[in-house]
file input10.cif (mmCIF, C-alpha atoms)
data_run
loop_
_atom_site.label_atom_id
_atom_site.label_comp_id
_atom_site.auth_asym_id
_atom_site.auth_seq_id
_atom_site.Cartn_x
_atom_site.Cartn_y
_atom_site.Cartn_z
CA MET C 1034 -6.76 34.38 8.61
CA LYS C 1035 -6.43 35.80 5.09
CA LEU C 1036 -9.63 36.40 3.15
CA ASP C 1037 -8.71 34.00 0.36
CA GLU C 1038 -7.46 31.25 2.71
CA VAL C 1039 -9.60 28.10 2.79
CA LYS C 1040 -10.70 27.20 6.30
CA GLU C 1041 -10.00 23.71 7.61
CA LYS C 1042 -13.11 21.64 8.31
CA VAL C 1043 -14.05 20.56 11.83
CA LEU C 1044 -17.01 18.27 12.52
CA VAL C 1045 -19.06 18.95 15.67
CA VAL C 1046 -21.19 15.99 16.76
CA ASP C 1047 -23.79 16.64 19.47
CA ASP C 1048 -27.53 15.90 19.75
CA ASN C 1049 -28.07 19.26 21.46
CA LYS C 1050 -28.47 22.06 18.93
CA ILE C 1051 -27.49 24.73 21.48
CA ASN C 1052 -24.23 22.93 22.28
CA ARG C 1053 -23.41 22.75 18.58
CA ALA C 1054 -24.15 26.47 18.23
CA ILE C 1055 -21.84 27.31 21.16
CA LEU C 1056 -18.92 25.37 19.68
CA SER C 1057 -19.59 26.84 16.26
CA LYS C 1058 -19.48 30.37 17.69
CA ILE C 1059 -16.20 29.63 19.48
CA LEU C 1060 -14.48 28.11 16.42
CA SER C 1061 -16.12 29.49 13.25
CA SER C 1062 -13.70 32.41 12.91
CA GLU C 1063 -10.86 29.94 12.34
CA TYR C 1064 -12.55 26.80 10.99
CA GLU C 1065 -15.38 25.73 8.71
CA ILE C 1066 -17.82 23.99 11.05
CA LEU C 1067 -19.83 20.96 9.96
CA GLU C 1068 -22.55 19.65 12.27
CA ALA C 1069 -24.13 16.27 13.00
CA GLU C 1070 -26.73 15.36 15.63
CA ASN C 1071 -25.54 11.79 16.27
CA GLY C 1072 -22.84 9.31 15.36
CA LYS C 1073 -24.66 7.93 12.33
CA ALA C 1074 -25.12 11.39 10.83
CA ALA C 1075 -21.46 12.11 11.58
CA LEU C 1076 -20.38 9.07 9.56
CA ASN C 1077 -22.39 10.38 6.61
CA GLU C 1078 -20.68 13.77 6.94
CA MET C 1079 -17.29 12.06 6.93
CA LYS C 1080 -18.21 10.15 3.80
CA GLU C 1081 -19.26 13.35 2.03
CA HIS C 1082 -16.35 15.46 3.33
CA GLN C 1083 -13.17 13.40 3.32
CA ASP C 1084 -11.03 16.44 4.17
CA ILE C 1085 -12.34 16.84 7.73
CA MET C 1086 -9.39 17.74 9.95
CA ALA C 1087 -10.85 16.97 13.40
CA VAL C 1088 -14.00 15.84 15.22
CA LEU C 1089 -15.47 17.24 18.46
CA LEU C 1090 -17.64 14.42 19.77
CA ASP C 1091 -20.37 14.23 22.39
CA LEU C 1092 -20.49 10.80 24.03
CA ARG C 1093 -24.17 10.54 25.01
CA MET C 1094 -26.45 10.72 21.94
CA PRO C 1095 -29.42 8.81 20.53
CA VAL C 1096 -29.28 6.58 17.40
CA MET C 1097 -25.49 6.14 17.67
CA ASP C 1098 -23.60 7.42 20.68
CA GLY C 1099 -20.01 8.64 20.76
CA TYR C 1100 -18.59 5.33 21.97
CA GLU C 1101 -20.05 3.41 19.03
CA PHE C 1102 -18.90 6.16 16.63
CA LEU C 1103 -15.35 5.80 17.94
CA ARG C 1104 -15.48 2.02 17.58
CA VAL C 1105 -16.69 2.22 13.96
CA VAL C 1106 -14.18 4.88 12.91
CA ARG C 1107 -11.15 3.28 14.54
CA THR C 1108 -11.94 -0.45 14.21
CA GLU C 1109 -14.18 -0.84 11.15
CA MET C 1110 -13.12 2.12 9.01
CA HIS C 1111 -9.48 1.88 10.17
CA ILE C 1112 -9.10 5.68 10.29
CA ASP C 1113 -6.26 6.14 12.75
CA THR C 1114 -4.95 9.67 12.25
CA LEU C 1115 -8.18 11.73 12.34
CA PRO C 1116 -8.14 13.63 15.68
CA ILE C 1117 -11.29 13.00 17.76
CA ILE C 1118 -11.83 15.01 20.93
CA ALA C 1119 -14.55 13.69 23.24
CA ILE C 1120 -16.67 16.36 24.92
CA THR C 1121 -19.23 15.36 27.55
CA ALA C 1122 -21.09 16.58 30.59
CA MET C 1123 -20.39 13.30 32.37
CA GLU C 1124 -17.76 13.46 35.08
CA GLY C 1125 -15.62 10.62 36.30
CA ASP C 1126 -12.67 8.61 35.14
CA SER C 1127 -14.69 5.72 33.68
CA SER C 1128 -16.16 7.66 30.73
CA GLU C 1129 -12.79 9.25 30.00
CA ILE C 1130 -10.94 5.92 30.06
CA GLN C 1131 -13.61 4.24 27.91
CA ALA C 1132 -13.42 7.00 25.30
CA LEU C 1133 -9.61 6.96 25.24
CA ASN C 1134 -9.54 3.16 25.00
CA LEU C 1135 -11.85 3.35 21.97
CA GLY C 1136 -9.50 5.78 20.21
CA ALA C 1137 -10.33 9.31 21.36
CA ASP C 1138 -7.27 11.56 21.20
CA ASP C 1139 -8.35 13.99 23.91
CA TYR C 1140 -11.15 14.58 26.41
CA LEU C 1141 -12.96 17.74 27.61
CA VAL C 1142 -15.75 18.21 30.14
CA LYS C 1143 -18.71 20.56 29.54
CA PRO C 1144 -19.08 23.45 29.83
CA VAL C 1145 -16.02 23.96 27.68
CA VAL C 1146 -13.64 26.88 28.17
CA PRO C 1147 -13.27 28.64 24.76
CA SER C 1148 -9.51 29.19 25.03
CA VAL C 1149 -8.96 25.56 26.10
CA VAL C 1150 -11.03 23.99 23.31
CA ARG C 1151 -9.30 26.22 20.72
CA LYS C 1152 -5.85 25.19 21.96
CA ARG C 1153 -6.70 21.49 22.21
CA LEU C 1154 -8.11 21.57 18.68
CA GLU C 1155 -5.10 23.46 17.35
CA ASN C 1156 -2.72 20.92 18.87
CA ALA C 1157 -4.74 17.96 17.54
CA ILE C 1158 -4.79 19.34 14.00
CA ARG C 1159 -1.07 20.15 14.13
CA LEU C 1160 -0.38 16.54 15.12
CA GLN C 1161 -2.62 15.21 12.37
CA LYS C 1162 -0.78 17.31 9.77
CA ALA C 1163 2.56 15.95 10.97
CA LEU C 1164 1.29 12.38 10.80
CA ARG C 1165 -0.18 12.97 7.36
CA GLU C 1166 3.06 14.45 6.06
CA ALA C 1167 4.92 11.36 7.26
CA SER C 1168 2.32 8.92 5.91
CA TYR C 1169 1.26 10.32 2.54
CA ASP C 1170 3.04 10.52 -0.78
CA MET C 1171 3.57 14.22 -1.49
CA MET C 1172 2.90 14.03 -5.23
CA THR C 1173 -0.18 11.82 -5.30
CA ASN C 1174 -1.71 12.44 -1.85
CA ILE C 1175 -2.24 8.75 -1.12
CA LEU C 1176 -0.53 6.59 1.49
CA ASN C 1177 3.17 6.06 0.93
CA ARG C 1178 4.68 2.60 0.93
CA SER C 1179 5.64 2.51 4.60
CA ALA C 1180 2.32 3.85 5.89
CA PHE C 1181 0.30 1.56 3.59
CA MET C 1182 2.18 -1.58 4.62
CA ASP C 1183 1.93 -0.64 8.30
CA LYS C 1184 -1.82 -0.03 7.98
CA VAL C 1185 -2.42 -3.34 6.19
CA GLU C 1186 -0.28 -5.18 8.73
CA LYS C 1187 -2.40 -3.76 11.55
CA MET C 1188 -5.65 -4.64 9.75
CA LEU C 1189 -4.50 -8.21 9.21
CA PHE C 1190 -3.41 -8.52 12.83
CA GLU C 1191 -6.82 -7.36 14.02
CA ALA C 1192 -8.80 -9.35 11.43
CA GLU C 1193 -11.37 -11.70 12.93
CA GLU C 1194 -11.73 -15.30 11.87
CA ASN C 1195 -13.31 -15.84 8.44
CA ILE C 1196 -12.31 -12.33 7.24
CA LYS C 1197 -11.12 -12.42 3.63
CA CYS C 1198 -8.88 -9.74 2.12
CA ALA C 1199 -7.25 -9.03 -1.23
CA PHE C 1200 -3.88 -7.38 -1.91
CA PHE C 1201 -3.41 -5.67 -5.32
CA VAL C 1202 -0.14 -4.56 -6.92
CA ILE C 1203 -0.69 -2.23 -9.88
CA ASP C 1204 1.99 -1.24 -12.37
CA LEU C 1205 1.55 1.24 -15.23
CA ASP C 1206 2.30 -0.32 -18.62
CA ASN C 1207 5.07 1.22 -20.75
CA PHE C 1208 5.25 4.17 -18.39
CA LYS C 1209 8.98 4.81 -18.82
CA LYS C 1210 8.61 4.96 -22.60
CA ALA C 1211 5.72 7.44 -22.36
CA ASN C 1212 7.62 9.45 -19.75
CA ASP C 1213 10.73 9.65 -21.93
CA THR C 1214 8.73 10.43 -25.09
CA LEU C 1215 6.17 12.90 -23.75
CA GLY C 1216 8.10 14.35 -20.84
CA HIS C 1217 8.07 14.08 -17.08
CA THR C 1218 5.29 16.66 -16.77
CA TYR C 1219 3.01 14.30 -18.67
CA GLY C 1220 4.19 11.36 -16.55
CA ASP C 1221 3.55 13.22 -13.31
CA ARG C 1222 0.07 14.16 -14.53
CA ILE C 1223 -0.75 10.49 -15.19
CA LEU C 1224 0.47 9.48 -11.72
CA ILE C 1225 -1.56 12.23 -10.03
CA ASP C 1226 -4.73 11.60 -12.04
CA PHE C 1227 -4.56 7.83 -11.55
CA SER C 1228 -4.07 8.35 -7.82
CA ARG C 1229 -7.16 10.55 -7.76
CA LYS C 1230 -9.12 7.73 -9.42
CA LEU C 1231 -7.88 5.29 -6.77
CA ILE C 1232 -8.95 7.70 -4.02
CA GLU C 1233 -12.41 7.91 -5.60
CA MET C 1234 -12.59 4.11 -5.56
CA GLY C 1235 -11.70 4.05 -1.86
CA SER C 1236 -14.21 3.11 0.81
CA ARG C 1237 -14.22 1.97 4.42
CA ASN C 1238 -12.95 -1.42 3.17
CA LEU C 1239 -10.61 -0.30 0.36
CA ILE C 1240 -7.41 1.67 0.87
CA ALA C 1241 -4.87 2.82 -1.71
CA GLY C 1242 -1.15 3.47 -1.62
CA ARG C 1243 1.84 4.25 -3.81
CA LEU C 1244 4.68 1.76 -3.54
CA GLY C 1245 7.02 4.01 -5.51
CA GLY C 1246 7.62 5.11 -9.10
CA ASP C 1247 4.70 3.95 -11.24
CA GLU C 1248 3.69 1.12 -8.89
CA PHE C 1249 0.55 1.41 -6.79
CA THR C 1250 -1.34 -0.86 -4.44
CA LEU C 1251 -4.83 -1.49 -3.07
CA PHE C 1252 -6.02 -3.50 -0.08
CA LEU C 1253 -9.59 -4.77 0.02
CA TYR C 1254 -10.69 -5.74 3.52
CA ASP C 1255 -13.48 -8.26 4.17
CA TYR C 1256 -14.65 -8.89 0.60
CA SER C 1257 -17.75 -11.00 0.02
CA ASP C 1258 -16.61 -13.15 -2.91
CA GLU C 1259 -13.93 -13.23 -5.60
CA GLU C 1260 -16.27 -11.48 -8.02
CA GLU C 1261 -15.96 -8.40 -5.81
CA VAL C 1262 -12.18 -8.68 -6.04
CA SER C 1263 -12.40 -8.98 -9.83
CA ARG C 1264 -14.68 -5.94 -10.03
CA THR C 1265 -12.14 -3.94 -8.03
CA ALA C 1266 -9.34 -4.99 -10.41
CA GLU C 1267 -11.51 -4.11 -13.43
CA SER C 1268 -12.14 -0.70 -11.90
CA CYS C 1269 -8.37 -0.14 -11.79
CA LEU C 1270 -8.05 -0.98 -15.47
CA SER C 1271 -11.01 1.28 -16.34
CA ALA C 1272 -9.63 4.11 -14.20
CA MET C 1273 -6.34 4.07 -16.09
CA ALA C 1274 -8.05 3.78 -19.49
CA SER C 1275 -10.15 6.86 -18.67
CA LEU C 1276 -6.99 8.99 -18.58
CA HIS C 1277 -6.75 8.98 -22.38
CA THR C 1278 -5.14 12.10 -23.83
CA SER C 1279 -4.86 13.30 -27.40
CA LYS C 1280 -1.07 13.03 -27.16
CA LEU C 1281 -1.24 9.25 -27.33
CA ASN C 1282 -2.48 6.90 -30.02
CA ALA C 1283 -4.09 4.80 -27.32
CA ALA C 1284 -5.19 5.26 -23.73
CA PRO C 1285 -2.61 4.39 -21.07
CA THR C 1286 -3.03 0.98 -19.45
CA CYS C 1287 -1.95 -0.83 -16.31
CA SER C 1288 -1.43 -4.41 -15.16
CA VAL C 1289 -2.63 -5.84 -11.86
CA GLY C 1290 -1.54 -8.76 -9.69
CA ILE C 1291 -3.72 -10.06 -6.84
CA SER C 1292 -3.10 -12.22 -3.79
CA LEU C 1293 -5.73 -13.32 -1.27
CA PHE C 1294 -5.72 -13.52 2.52
CA PRO C 1295 -5.57 -16.05 4.10
CA LYS C 1296 -5.37 -18.32 1.04
CA ASP C 1297 -2.03 -17.02 -0.27
CA GLY C 1298 -0.46 -15.76 2.94
CA HIS C 1299 -1.06 -14.45 6.45
CA ASP C 1300 1.26 -11.44 6.61
CA VAL C 1301 1.62 -8.30 4.54
CA ASN C 1302 5.10 -9.12 3.14
CA LYS C 1303 4.04 -12.49 1.79
CA LEU C 1304 0.81 -11.10 0.31
CA TYR C 1305 2.81 -8.36 -1.41
CA TYR C 1306 5.30 -10.87 -2.76
CA MET C 1307 2.55 -13.14 -4.13
CA ALA C 1308 0.69 -10.22 -5.71
CA ASP C 1309 3.93 -9.02 -7.28
CA GLN C 1310 4.44 -12.44 -8.85
CA ALA C 1311 0.88 -12.33 -10.20
CA LEU C 1312 1.64 -8.88 -11.63
CA TYR C 1313 4.50 -10.32 -13.67
CA GLU C 1314 2.10 -12.94 -14.97
CA SER C 1315 -0.22 -10.15 -16.15
CA LYS C 1316 2.72 -8.45 -17.87
CA GLY C 1317 3.75 -11.70 -19.54
CA LEU C 1318 0.24 -12.32 -20.83
CA GLY C 1319 0.19 -9.03 -22.71
CA LYS C 1320 -0.44 -6.35 -20.06
CA ASN C 1321 -3.67 -4.39 -19.46
CA ARG C 1322 -5.19 -7.22 -17.41
CA TYR C 1323 -5.35 -8.64 -13.90
CA THR C 1324 -4.20 -12.03 -12.64
CA PHE C 1325 -4.79 -13.87 -9.38
CA TYR C 1326 -1.74 -15.50 -7.82
CA GLY C 1327 -1.66 -19.20 -8.73
CA SER C 1328 -3.99 -18.84 -11.71
CA GLY C 1329 -1.19 -19.27 -14.26
CA LYS C 1330 2.58 -19.57 -14.55
CA THR C 1331 4.35 -17.15 -12.25
CA VAL C 1332 7.89 -17.98 -11.17
CA GLU C 1333 7.59 -21.62 -12.21
CA GLU C 1334 4.88 -23.79 -13.72
CA LYS C 1335 1.53 -23.72 -11.92
CA SER C 1336 1.76 -27.45 -11.24
CA SER C 1337 4.83 -26.88 -9.09
CA ARG C 1338 3.44 -24.07 -6.97
CA GLU C 1339 4.44 -25.70 -3.72
CA SER C 1340 8.02 -26.13 -4.89
CA ARG C 1341 8.38 -22.35 -5.05
CA GLU C 1342 8.28 -22.13 -1.27
CA TRP C 1343 12.10 -22.32 -1.32
CA ILE C 1344 12.24 -18.66 -2.43
CA LEU C 1345 9.50 -17.12 -0.32
CA ASP C 1346 11.70 -16.54 2.71
CA GLU C 1347 14.50 -15.05 0.61
CA MET C 1348 13.09 -11.59 0.02
CA ASP C 1349 16.27 -9.96 1.37
CA SER C 1350 18.38 -11.93 -1.11
CA TYR C 1351 19.23 -11.16 -4.73
CA ILE C 1352 16.67 -13.00 -6.87
CA TYR C 1353 16.90 -13.07 -10.66
CA ILE C 1354 15.74 -15.24 -13.56
CA CYS C 1355 17.56 -15.31 -16.92
CA ASP C 1356 17.23 -17.24 -20.15
CA ALA C 1357 19.46 -20.32 -19.94
CA GLU C 1358 21.02 -19.63 -23.35
CA THR C 1359 20.76 -15.91 -24.13
CA HIS C 1360 20.98 -14.63 -20.52
CA GLU C 1361 18.03 -12.31 -21.18
CA VAL C 1362 16.66 -11.15 -17.82
CA TYR C 1363 13.06 -12.22 -17.27
CA TYR C 1364 12.71 -11.19 -13.64
CA ALA C 1365 14.73 -9.47 -10.93
CA ASN C 1366 13.59 -8.43 -7.48
CA ALA C 1367 14.15 -4.92 -6.13
CA LYS C 1368 17.45 -5.81 -4.44
CA ALA C 1369 18.88 -7.23 -7.67
CA LEU C 1370 17.62 -4.29 -9.74
CA HIS C 1371 19.26 -1.86 -7.31
CA LEU C 1372 22.55 -3.71 -7.81
CA LEU C 1373 22.15 -3.46 -11.58
CA SER C 1374 21.41 0.28 -11.43
CA GLY C 1375 24.74 0.83 -9.67
CA ALA C 1376 26.80 -0.93 -12.34
CA LYS C 1377 29.53 1.06 -14.04
CA PRO C 1378 29.00 1.94 -17.74
CA LYS C 1379 31.44 -0.67 -19.12
CA GLU C 1380 30.61 -3.47 -16.68
CA PRO C 1381 28.68 -6.50 -17.97
CA LYS C 1382 24.98 -6.30 -17.09
CA CYS C 1383 25.30 -9.67 -15.41
CA PHE C 1384 24.08 -10.17 -11.84
CA CYS C 1385 26.56 -12.97 -11.08
CA TYR C 1386 29.46 -10.77 -12.18
CA LEU C 1387 28.19 -7.75 -10.23
CA LEU C 1388 27.86 -9.93 -7.13
CA GLY C 1389 31.46 -11.03 -7.50
CA LEU C 1390 30.62 -14.70 -8.10
CA CYS C 1391 32.79 -14.71 -11.21
CA ASP C 1392 35.42 -12.42 -12.73
CA ARG C 1393 33.72 -12.34 -16.14
CA GLY C 1394 30.15 -11.78 -17.20
CA PHE C 1395 27.55 -14.33 -18.32
CA PHE C 1396 29.66 -17.29 -17.26
CA PHE C 1397 29.00 -18.34 -13.68
CA CYS C 1398 25.36 -19.49 -14.06
CA SER C 1399 26.00 -21.33 -17.31
CA GLY C 1400 28.79 -23.24 -15.59
CA MET C 1401 26.39 -24.70 -13.02
CA PRO C 1402 25.64 -28.38 -13.78
CA LEU C 1403 21.87 -27.98 -13.63
CA GLN C 1404 19.20 -30.36 -14.85
CA ALA C 1405 15.46 -29.84 -15.00
CA LYS C 1406 13.70 -29.92 -11.60
CA THR C 1407 16.99 -30.03 -9.72
CA SER C 1408 18.87 -27.32 -7.90
CA VAL C 1409 22.47 -26.65 -6.93
CA SER C 1410 23.99 -24.59 -4.13
CA THR C 1411 27.47 -23.35 -3.41
CA ILE C 1412 29.34 -20.76 -1.32
CA VAL C 1413 31.49 -18.24 -3.19
CA ASN C 1414 33.73 -15.57 -1.73
CA SER C 1415 32.91 -12.23 -3.34
CA GLU C 1416 35.84 -9.82 -3.40
CA LYS C 1417 33.48 -7.16 -4.76
CA LEU C 1418 31.25 -7.26 -1.66
CA GLY C 1419 33.93 -8.41 0.75
CA ARG C 1420 32.03 -11.41 2.12
CA ASP C 1421 30.93 -14.95 1.34
CA MET C 1422 27.83 -15.40 -0.77
CA PHE C 1423 25.47 -18.39 -0.75
CA TYR C 1424 24.29 -19.18 -4.28
CA ARG C 1425 21.33 -21.39 -5.13
CA GLY C 1426 20.38 -22.04 -8.74
CA LYS C 1427 17.55 -23.89 -10.40
CA LEU C 1428 16.33 -24.56 -13.93
CA ILE C 1429 12.69 -23.56 -14.46
CA ASN C 1430 10.15 -23.32 -17.25
CA TRP C 1431 9.43 -19.68 -18.09
CA ASP C 1432 6.51 -19.60 -20.52
CA GLY C 1433 7.95 -22.53 -22.44
CA ARG C 1434 11.53 -21.30 -22.34
CA LEU C 1435 14.31 -22.81 -20.26
CA ALA C 1436 15.50 -20.32 -17.68
CA ARG C 1437 17.82 -20.18 -14.69
CA MET C 1438 16.60 -18.87 -11.36
CA ALA C 1439 19.24 -17.70 -8.89
CA ILE C 1440 18.92 -16.84 -5.21
CA VAL C 1441 22.07 -15.23 -3.79
CA SER C 1442 22.29 -14.42 -0.08
CA GLU C 1443 24.97 -12.60 1.86
CA ILE C 1444 26.46 -14.75 4.65
CA GLU C 1445 26.66 -12.68 7.81
CA ASP C 1446 29.96 -12.65 9.68
CA ASP C 1447 29.95 -14.36 13.06
#

call {"tool": "encode", "arguments": {"input": "input10.cif", "output": "structure tokens"}}
result
Amino acid sequence: MKLDEVKEKVLVVDDNKINRAILSKILSSEYEILEAENGKAALNEMKEHQDIMAVLLDLRMPVMDGYEFLRVVRTEMHIDTLPIIAITAMEGDSSEIQALNLGADDYLVKPVVPSVVRKRLENAIRLQKALREASYDMMTNILNRSAFMDKVEKMLFEAEENIKCAFFVIDLDNFKKANDTLGHTYGDRILIDFSRKLIEMGSRNLIAGRLGGDEFTLFLYDYSDEEEVSRTAESCLSAMASLHTSKLNAAPTCSVGISLFPKDGHDVNKLYYMADQALYESKGLGKNRYTFYGSGKTVEEKSSRESREWILDEMDSYIYICDAETHEVYYANAKALHLLSGAKPKEPKCFCYLLGLCDRGFFFCSGMPLQAKTSVSTIVNSEKLGRDMFYRGKLINWDGRLARMAIVSEIEDD
């Protein structure tokens, strides 16, 4: 190891001081060794040192034994990728199976063989690094979209009855303008610093992720009341405001949308969708604020919340909302925005045209004989996409303005 190289941290948990000293002597030339005399003390060490790379764990200890430590770390704290190697003097398959069932990654019997424990630890840390590289956003060092959604999905699946959770979608306000004006170095700095603030907010019940671009997310597991959810959202706003720099006339801001489990949905995709709708409400109300799903107008008027169920199962479709007269786009989901980004320079910025529903822009939707609170559907062959498309349109109230919502789905070939 080079003199200036920072050693990776390994936590040794054993109630016997001599055993801890033996492991420390075996490993200290390669790792920085942290020690704890029981599971409870180990949890405190993990809270203080969040960069621990592996744990060597005795199973029989007072106060909190290794089995309970494993249960808390894996089930309550939802830490899945931290390597934990159980080390015990007990012999027999039952203790090994129990430890592995509770989430131990490996198992060694005392007295340990130095070369074996070094190799097992090396392999465990190598695996953890690979998992981390696949799960974390490289720029911001928080969970990437896929890993975050998978983790939340698992937490919801394992949630006991009466557990309440909150899903937050956070979008930086006017980020593109600041990025274009002040440069991408400034933009990257804001993303990194805001991510650091989210990490500092994190706890055993609060995890953070980056959905992509300037969009972030939080998941609060087992909150006590909605005031706790509101405090978390306010902390997001404060965290962003604290990143004020002299280059700007005002501190950067963000907007937050919130959905609640099980009130607004039972699976991660629906919770994300609802929170995303609430985010657009926050944007429409002036930004730099948070909104709970259903607390104001989102896709349609609040009074017709149930009637929006017709779009909830259409997340793989093209969804867009435009002014009924001016065709100004008020909302477009990711699939529709991706279509728009691929448009040629001289093509009309019209979703219906780009989908091949019509051979000229800004015409197809306006030709639909829609009336308030009614919808129309039709099948159109799209030469552009080479398949039939199922179009559904509906007039809605968008903050007092008449707008057209369209859901366009590709019809799979038989």

call {"tool": "resolve_selection", "arguments": {"input": "input10.cif", "expression": "the PyMOL selection byres ((chain C and resi 1042) around 6)", "output": "ChimeraX atom specification"}}
result
/C:1041,1043,1064-1066,1085-1086

call {"tool": "resolve_selection", "arguments": {"input": "input10.cif", "expression": "the PyMOL selection byres ((chain C and resi 1428) around 6)", "output": "list in words"}}
result
Ala1405, Lys1427, Ile1429, Ala1436 and Arg1437 of chain C

call {"tool": "atom_distance", "arguments": {"input": "input10.cif", "atom1": "atom CA of Ala1439 of chain C", "atom2": "atom CA of Glu1248 of chain C"}}
result
24.4 Å

call {"tool": "atom_distance", "arguments": {"input": "input10.cif", "atom1": "atom CA of Asn1414 of chain C", "atom2": "atom CA of Asn1366 of chain C"}}
result
22.1 Å

call {"tool": "resolve_selection", "arguments": {"input": "input10.cif", "expression": "the PyMOL selection byres ((chain C and resi 1114-1116) around 12)", "output": "ChimeraX atom specification"}}
result
/C:1042-1044,1079,1083-1090,1103,1106-1107,1110-1113,1117-1119,1133,1136-1140,1153-1169,1180,1184

call {"tool": "residues_around", "arguments": {"input": "input10.cif", "residues": "segment 1233-1245 of chain C", "least_positions_apart": "3", "cutoff": "6 Å", "atoms": "only C-alpha atoms", "output": "PyMOL selection string"}}
result
chain C and resi 1110+1175-1178+1181+1230+1248-1254

call {"tool": "residues_around", "arguments": {"input": "input10.cif", "residues": "segment 1314-1326 of chain C", "least_positions_apart": "6", "cutoff": "6 Å", "atoms": "only C-alpha atoms", "output": "PyMOL selection string"}}
result
chain C and resi 1286-1292

call {"tool": "residues_around", "arguments": {"input": "input10.cif", "residues": "Ile1440 of chain C", "least_positions_apart": "6", "cutoff": "12 Å", "atoms": "all atoms listed in the file", "output": "ChimeraX atom specification"}}
result
/C:1341,1343-1355,1364-1366,1368-1369,1384-1385,1388,1398,1408-1412,1422-1428

call {"tool": "build_atoms", "arguments": {"input": "input10.cif", "residues": "segment 1320-1325 of chain C", "atoms": "all heavy atoms", "output": "CSV table (one decimal), in the coordinates of the input"}}
result
chain,number,residue,atom,x,y,z
C,1320,LYS,N,-0.2,-7.6,-20.8
C,1320,LYS,CA,-0.4,-6.4,-20.1
C,1320,LYS,C,-1.9,-6.0,-20.1
C,1320,LYS,O,-2.7,-6.7,-20.8
C,1320,LYS,CB,0.4,-5.2,-20.6
C,1320,LYS,CG,1.9,-5.5,-20.5
C,1320,LYS,CD,2.8,-4.4,-21.1
C,1320,LYS,CE,4.2,-4.7,-21.0
C,1320,LYS,NZ,5.1,-3.7,-21.6
C,1321,ASN,N,-2.3,-4.9,-19.5
C,1321,ASN,CA,-3.7,-4.4,-19.5
C,1321,ASN,C,-4.7,-5.5,-19.0
C,1321,ASN,O,-5.7,-5.7,-19.6
C,1321,ASN,CB,-4.1,-3.8,-20.8
C,1321,ASN,CG,-5.4,-3.0,-20.7
C,1321,ASN,OD1,-5.7,-2.5,-19.7
C,1321,ASN,ND2,-6.1,-3.0,-21.8
C,1322,ARG,N,-4.3,-6.2,-17.9
C,1322,ARG,CA,-5.2,-7.2,-17.4
C,1322,ARG,C,-4.8,-7.5,-15.9
C,1322,ARG,O,-3.8,-6.9,-15.4
C,1322,ARG,CB,-5.0,-8.5,-18.2
C,1322,ARG,CG,-3.6,-9.2,-18.1
C,1322,ARG,CD,-3.4,-10.3,-19.1
C,1322,ARG,NE,-3.4,-9.7,-20.4
C,1322,ARG,CZ,-4.0,-10.3,-21.5
C,1322,ARG,NH1,-4.7,-11.4,-21.3
C,1322,ARG,NH2,-3.9,-9.8,-22.7
C,1323,TYR,N,-5.6,-8.3,-15.3
C,1323,TYR,CA,-5.4,-8.6,-13.9
C,1323,TYR,C,-5.2,-10.1,-13.8
C,1323,TYR,O,-5.8,-10.9,-14.6
C,1323,TYR,CB,-6.4,-8.1,-12.9
C,1323,TYR,CG,-7.8,-8.7,-13.1
C,1323,TYR,CD1,-8.2,-9.9,-12.5
C,1323,TYR,CD2,-8.7,-8.1,-14.0
C,1323,TYR,CE1,-9.5,-10.4,-12.6
C,1323,TYR,CE2,-10.0,-8.6,-14.1
C,1323,TYR,CZ,-10.4,-9.8,-13.4
C,1323,TYR,OH,-11.6,-10.3,-13.6
C,1324,THR,N,-4.4,-10.6,-12.8
C,1324,THR,CA,-4.2,-12.0,-12.6
C,1324,THR,C,-4.2,-12.3,-11.2
C,1324,THR,O,-3.5,-11.6,-10.4
C,1324,THR,CB,-2.9,-12.4,-13.3
C,1324,THR,OG1,-2.8,-12.1,-14.6
C,1324,THR,CG2,-2.6,-14.0,-13.1
C,1325,PHE,N,-4.9,-13.4,-10.8
C,1325,PHE,CA,-4.8,-13.9,-9.4
C,1325,PHE,C,-3.5,-14.7,-9.2
C,1325,PHE,O,-3.2,-15.5,-10.1
C,1325,PHE,CB,-6.0,-14.7,-9.0
C,1325,PHE,CG,-7.3,-13.9,-8.8
C,1325,PHE,CD1,-8.1,-13.5,-9.8
C,1325,PHE,CD2,-7.6,-13.5,-7.5
C,1325,PHE,CE1,-9.2,-12.8,-9.6
C,1325,PHE,CE2,-8.8,-12.8,-7.3
C,1325,PHE,CZ,-9.6,-12.4,-8.3
